[in-house]
Amino acid sequence: MRRELGSYFATPLAYVFILIFIVLASLFTFYLGGFYERGQADLAPFFNFHPWLYLFLIPAISMRLWAEERKSGSIELLMTQPITLWQAVLGKFFAAWIFTAIALALTFPIWITVNFLGDPDNGAILSAYIGSLLLAGGFLAIGSCMSALTRNQVVAFILSVVVSFVFLLAGYPLVLDVFRSWAPQALVDAIASLSFLTHYESISKGVIDIRDLLYYAMLMGFFLLATSIALDVRKAQ
Amino acid sequence: MIKTEHLSKRYEALTAVDDVSFEVRPGEVLGFLGPNGAGKTTTMRMLAGFITPSSGKASICGHDVEADPLAAKASLGYLPEGAPSYGEMTVYRFLEFIADLRRLTGEQRTRRLAYVIGRLQLERVLAQTIETLSKGFRRRVGLAQALMHDPPVLILDEPTDGLDPNQKHEVRTLINEMARDKIIVISTHILEEVDAVCTRAIVIARGKVVADDTPQGLASRSRYHNAVSLKLENAEQLAAARSAVAALPSVAEVEVSEREARITALPRAGASILASLGELASSQGLKLKELHLESGRLDEVFRTITA
């Protein structure tokens, strides 16, 4: 995990990523979100755009997790060390997650700004930060799994964006209509309940519901398990 | 000890490794020989726990590679084919990372790091990223990684591939030094390497073991085992010398190279012809530049048994 985290900072990628993340997050907040015009002392316009930022930025981080190891052959070195597959999967995932957390934490000036301008509910902001971090973890787990499926980073990126997009919009007609025509209502409801957005919205408003936390934990657990299965199948082939 | 029993790896259309069984004991240096694509790398990957066998068993120091993979991997130092590593890391960071994965701590960690760095002469490149290194240095970093935890078993897939003659010599010296108390398996298609470092050679072709012998034993299978070659000073004597040599009862066959003015006499099975050829040369008045007894040609044996 430390190697992986270190390797993010070893290349310019890390700094470019963090810079782009902060710039885009700020741009969206101030221009599209109308941060000033709303006249409210909260960070809703900031957090509202996080799912869309993550949709493209997280796959850029996660695409290399396994695809690069496979491409360069270093996976053979890693997998013949005395560590379990699960340790390797979790190590890489947490390294990527901590990296994202650092990028997220570096948006603190906007929090200072809003406190300077008004008197926001800092508890709600903290809750929204936690929600955003969980959301990022969900995207990363999907990305990790997609990266384990291929040795091509571009393919891993595209797969991650597509799968993440489906999860993001699972609660919306765009996705639900595909199922509604033929699937039973129970299944449609189940799919709707898998949506990133519905689980993100309440937490970003400051409501930490145990069901939302459980949802993200299970989502990450599921995709990390899928990652290790994908890697294990490769081993047998 | 390394032990494999009926180890096989089948892919849909092809059997890469087919019922391979062998044992390697401490003090042995086993050379794994075979044409490209014969199954050497696949066998080594199964021993290292990187791919799962389709059937059969393998164990490292008594630890089954499938039932107890962590213990098997802990007693093994492995150099994968092509010595892959993390290009963006510096040599020192990479070695530290390996030391951590091998769970070395404190004084032992410092000592082992210093040992492998010194042993493979990596001092000069410690601060360089691995992707900027030459092929020889990358291979040495790969070897340093395999030696980090002083494992009782070493499996090295083509350890000298891509090295220049000096570096090859270095690596062979290193292997010879470690051979006394370790089990070492190397794969190679460089036959001189077998003579230089191995106490035993397994030849594998199309996934099957086709020979398992000492290098001397392999060489003695050659048609050229105990053959005698004469190099003449004067090429004009070649024709006369040829018929005289061919007339000897213990000589089975004669080969002539006109370019080198060399005659090679192959003996009948079990016969020794060196003395009689020496006598012949003096009685016929042949002026010899060179006279020598061959122990056998490994490359010829290799071609015969893997064809």
# chains A, B, ... in the order shown; residues from 1 in each chain; ligands from 1
$ interface_residues --of "chain B" --to "chain A" --cutoff "8 Å" --atoms "only C-alpha atoms" --output "PyMOL selection string"
chain B and resi 11+48-54+69-71+73-74+78-80+84-86+88-89+97+101-102
$ write_last_selection --atoms "N, CA and C atoms" --output "PDB file, in the first residue's frame"
ATOM      1  N   TYR B  11      -3.743 -25.677 -21.359  1.00  0.00           N
ATOM      2  CA  TYR B  11      -4.593 -24.590 -21.839  1.00  0.00           C
ATOM      3  C   TYR B  11      -5.546 -25.220 -22.829  1.00  0.00           C
ATOM      4  N   ALA B  48       6.544 -21.122  -8.367  1.00  0.00           N
ATOM      5  CA  ALA B  48       6.557 -19.856  -7.637  1.00  0.00           C
ATOM      6  C   ALA B  48       5.161 -19.446  -7.180  1.00  0.00           C
ATOM      7  N   GLY B  49       4.140 -20.206  -7.570  1.00  0.00           N
ATOM      8  CA  GLY B  49       2.782 -19.890  -7.132  1.00  0.00           C
ATOM      9  C   GLY B  49       2.139 -18.781  -7.937  1.00  0.00           C
ATOM     10  N   PHE B  50       2.664 -18.480  -9.114  1.00  0.00           N
ATOM     11  CA  PHE B  50       2.057 -17.420  -9.919  1.00  0.00           C
ATOM     12  C   PHE B  50       0.917 -17.954 -10.775  1.00  0.00           C
ATOM     13  N   ILE B  51       1.035 -19.204 -11.241  1.00  0.00           N
ATOM     14  CA  ILE B  51      -0.115 -19.803 -11.914  1.00  0.00           C
ATOM     15  C   ILE B  51      -0.432 -21.141 -11.254  1.00  0.00           C
ATOM     16  N   THR B  52      -1.685 -21.527 -11.363  1.00  0.00           N
ATOM     17  CA  THR B  52      -2.166 -22.731 -10.688  1.00  0.00           C
ATOM     18  C   THR B  52      -2.026 -23.926 -11.632  1.00  0.00           C
ATOM     19  N   PRO B  53      -1.466 -25.020 -11.145  1.00  0.00           N
ATOM     20  CA  PRO B  53      -1.357 -26.204 -12.008  1.00  0.00           C
ATOM     21  C   PRO B  53      -2.735 -26.761 -12.360  1.00  0.00           C
ATOM     22  N   SER B  54      -2.871 -27.366 -13.547  1.00  0.00           N
ATOM     23  CA  SER B  54      -4.125 -28.035 -13.903  1.00  0.00           C
ATOM     24  C   SER B  54      -4.246 -29.335 -13.129  1.00  0.00           C
ATOM     25  N   PRO B  69       0.461 -21.624   0.281  1.00  0.00           N
ATOM     26  CA  PRO B  69       1.251 -20.787  -0.622  1.00  0.00           C
ATOM     27  C   PRO B  69       2.167 -19.791   0.089  1.00  0.00           C
ATOM     28  N   LEU B  70       1.727 -19.254   1.225  1.00  0.00           N
ATOM     29  CA  LEU B  70       2.556 -18.225   1.868  1.00  0.00           C
ATOM     30  C   LEU B  70       3.861 -18.815   2.372  1.00  0.00           C
ATOM     31  N   ALA B  71       3.795 -20.011   2.985  1.00  0.00           N
ATOM     32  CA  ALA B  71       5.010 -20.644   3.484  1.00  0.00           C
ATOM     33  C   ALA B  71       5.919 -21.030   2.323  1.00  0.00           C
ATOM     34  N   LYS B  73       6.062 -19.549  -0.628  1.00  0.00           N
ATOM     35  CA  LYS B  73       6.644 -18.327  -1.194  1.00  0.00           C
ATOM     36  C   LYS B  73       7.698 -17.734  -0.266  1.00  0.00           C
ATOM     37  N   ALA B  74       7.497 -17.911   1.055  1.00  0.00           N
ATOM     38  CA  ALA B  74       8.457 -17.341   2.001  1.00  0.00           C
ATOM     39  C   ALA B  74       9.818 -18.037   1.905  1.00  0.00           C
ATOM     40  N   TYR B  78      12.580 -15.655  -6.083  1.00  0.00           N
ATOM     41  CA  TYR B  78      12.162 -15.914  -7.464  1.00  0.00           C
ATOM     42  C   TYR B  78      12.489 -14.733  -8.356  1.00  0.00           C
ATOM     43  N   LEU B  79      13.141 -15.029  -9.450  1.00  0.00           N
ATOM     44  CA  LEU B  79      13.389 -14.004 -10.466  1.00  0.00           C
ATOM     45  C   LEU B  79      12.516 -14.330 -11.669  1.00  0.00           C
ATOM     46  N   PRO B  80      11.439 -13.560 -11.895  1.00  0.00           N
ATOM     47  CA  PRO B  80      10.586 -13.866 -13.051  1.00  0.00           C
ATOM     48  C   PRO B  80      11.316 -13.588 -14.359  1.00  0.00           C
ATOM     49  N   PRO B  84      10.921  -8.338 -14.259  1.00  0.00           N
ATOM     50  CA  PRO B  84      10.048  -7.169 -14.155  1.00  0.00           C
ATOM     51  C   PRO B  84      10.166  -6.494 -12.790  1.00  0.00           C
ATOM     52  N   SER B  85       9.957  -5.172 -12.776  1.00  0.00           N
ATOM     53  CA  SER B  85       9.928  -4.457 -11.494  1.00  0.00           C
ATOM     54  C   SER B  85       9.137  -3.171 -11.719  1.00  0.00           C
ATOM     55  N   TYR B  86       9.183  -2.289 -10.736  1.00  0.00           N
ATOM     56  CA  TYR B  86       8.401  -1.057 -10.851  1.00  0.00           C
ATOM     57  C   TYR B  86       9.291   0.061 -11.373  1.00  0.00           C
ATOM     58  N   GLU B  88       9.010   3.163 -12.106  1.00  0.00           N
ATOM     59  CA  GLU B  88       9.032   4.546 -11.631  1.00  0.00           C
ATOM     60  C   GLU B  88       9.670   4.662 -10.249  1.00  0.00           C
ATOM     61  N   MET B  89      10.007   3.507  -9.615  1.00  0.00           N
ATOM     62  CA  MET B  89      10.619   3.576  -8.287  1.00  0.00           C
ATOM     63  C   MET B  89      12.146   3.653  -8.418  1.00  0.00           C
ATOM     64  N   PHE B  97      10.978  -1.737  -0.455  1.00  0.00           N
ATOM     65  CA  PHE B  97       9.628  -2.275  -0.592  1.00  0.00           C
ATOM     66  C   PHE B  97       9.645  -3.802  -0.513  1.00  0.00           C
ATOM     67  N   LEU B 101       7.909  -6.332   2.150  1.00  0.00           N
ATOM     68  CA  LEU B 101       7.042  -7.453   1.782  1.00  0.00           C
ATOM     69  C   LEU B 101       7.568  -8.759   2.381  1.00  0.00           C
ATOM     70  N   ARG B 102       8.900  -8.846   2.500  1.00  0.00           N
ATOM     71  CA  ARG B 102       9.519 -10.047   3.077  1.00  0.00           C
ATOM     72  C   ARG B 102       9.542  -9.976   4.607  1.00  0.00           C
TER      73      ARG B 102
END
$ residues_around --residues "B:Glu81" --least-positions-apart "4" --cutoff "12 Å" --atoms "only C-alpha atoms" --output "list in words"
Ser72, Gly73, Ser74, Ile75, Glu76 and Leu77 of chain A; Lys40, Thr41, Thr42, Thr43, Met44, Arg45, Ala48, Ser85, Arg138, Arg139, Gly142, Leu143, Ile155, Leu156, Asp157, Glu158, Pro159, Thr160, Asp161, Gly162, Ile186, Ser187 and Thr188 of chain B
$ atom_distance --atom1 "atom CA of B:Ala227" --atom2 "atom CA of B:Leu266"
4.6 Å
$ closest_residue --among "A:Phe47, A:Trp66, A:Phe17, A:Phe222" --to "A:Ser202" --atoms "only C-alpha atoms"
A:Phe47
$ atom_distance --atom1 "atom CA of B:Arg242" --atom2 "atom CA of B:Glu255"
8.5 Å
$ residues_around --residues "B:Pro249" --least-positions-apart "5" --cutoff "12 Å" --atoms "only C-alpha atoms" --output "NGL selection string"
:B and (244 or 265-269 or 271-273 or 276-277)
$ write_last_selection --atoms "C-alpha atoms" --output "compact mmCIF listing (two decimals), in the first residue's frame"
# COMPACT_ATOMS: atom_id res chain seq x y z
CA ALA B 244 44.15 -43.39 -43.32
CA ALA B 265 37.12 -39.05 -36.09
CA LEU B 266 34.08 -40.52 -34.33
CA PRO B 267 34.75 -43.76 -32.46
CA ARG B 268 32.67 -46.94 -32.57
CA ALA B 269 30.60 -47.38 -29.42
CA ALA B 271 36.08 -47.54 -28.27
CA SER B 272 38.94 -45.26 -27.35
CA ILE B 273 40.78 -43.91 -30.39
CA SER B 276 45.75 -45.12 -32.17
CA LEU B 277 45.26 -41.75 -33.90
$ select_by_dssp --residues "stretch 1-214 of chain B" --states "alpha helix (DSSP H)" --output "PyMOL selection string"
chain B and resi 40-48+69-74+91-101+106-119+135-147+165-178+191-197
$ select_by_dssp --residues "stretch 6-104 of chain B" --states "strand (DSSP E or B)" --output "number ranges by chain"
B: 6-10, 15-24, 29-33, 55-60, 63-64, 76-79, 90
$ atom_distance --atom1 "atom CA of B:Val91" --atom2 "atom CA of B:Arg124"
10.0 Å
$ residues_around --residues "B:Arg180" --least-positions-apart "4" --cutoff "9 Å" --atoms "only C-alpha atoms" --output "list in words"
Pro26, Gly27, Glu28 and Asn176 of chain B
$ residues_around --residues "B:Val228" --least-positions-apart "6" --cutoff "7 Å" --atoms "only C-alpha atoms" --output "list in words"
Thr264, Ala265, Leu266, Leu274, His292, Leu293 and Glu294 of chain B
$ write_last_selection --atoms "C-alpha atoms" --output "short mmCIF file (atom, residue, chain, number, x, y, z; two decimals), in the first residue's frame"
data_model
loop_
_atom_site.label_atom_id
_atom_site.label_comp_id
_atom_site.auth_asym_id
_atom_site.auth_seq_id
_atom_site.Cartn_x
_atom_site.Cartn_y
_atom_site.Cartn_z
CA THR B 264 37.16 -35.31 -36.70
CA ALA B 265 37.12 -39.05 -36.09
CA LEU B 266 34.08 -40.52 -34.33
CA LEU B 274 43.06 -41.20 -29.09
CA HIS B 292 42.22 -33.11 -28.88
CA LEU B 293 39.69 -35.41 -27.32
CA GLU B 294 36.09 -34.18 -27.24
#
$ residues_around --residues "stretch 199-201 of chain A" --least-positions-apart "2" --cutoff "10 Å" --atoms "only C-alpha atoms" --output "number ranges by chain"
A: 44, 47-48, 50-51, 128, 130-132, 134-135, 168, 171, 193-197, 203-209, 211-213, 215-216
$ residues_around --residues "A:Phe56" --least-positions-apart "4" --cutoff "10 Å" --atoms "only C-alpha atoms" --output "PyMOL selection string"
chain A and resi 51-52+60-61+139+157-158+160-162+164-165
$ closest_residue --among "B:Arg119, B:Lys287, B:Arg103, B:Lys3" --to "B:Thr173" --atoms "only C-alpha atoms"
B:Arg119
$ closest_residue --among "B:Glu12, B:Glu253, B:Asp299, B:Asp64" --to "B:His189" --atoms "only C-alpha atoms"
B:Asp299
$ closest_residue --among "B:Ala219, B:Arg109, B:Met1, B:His225" --to "B:Leu191" --atoms "only C-alpha atoms"
B:Ala219
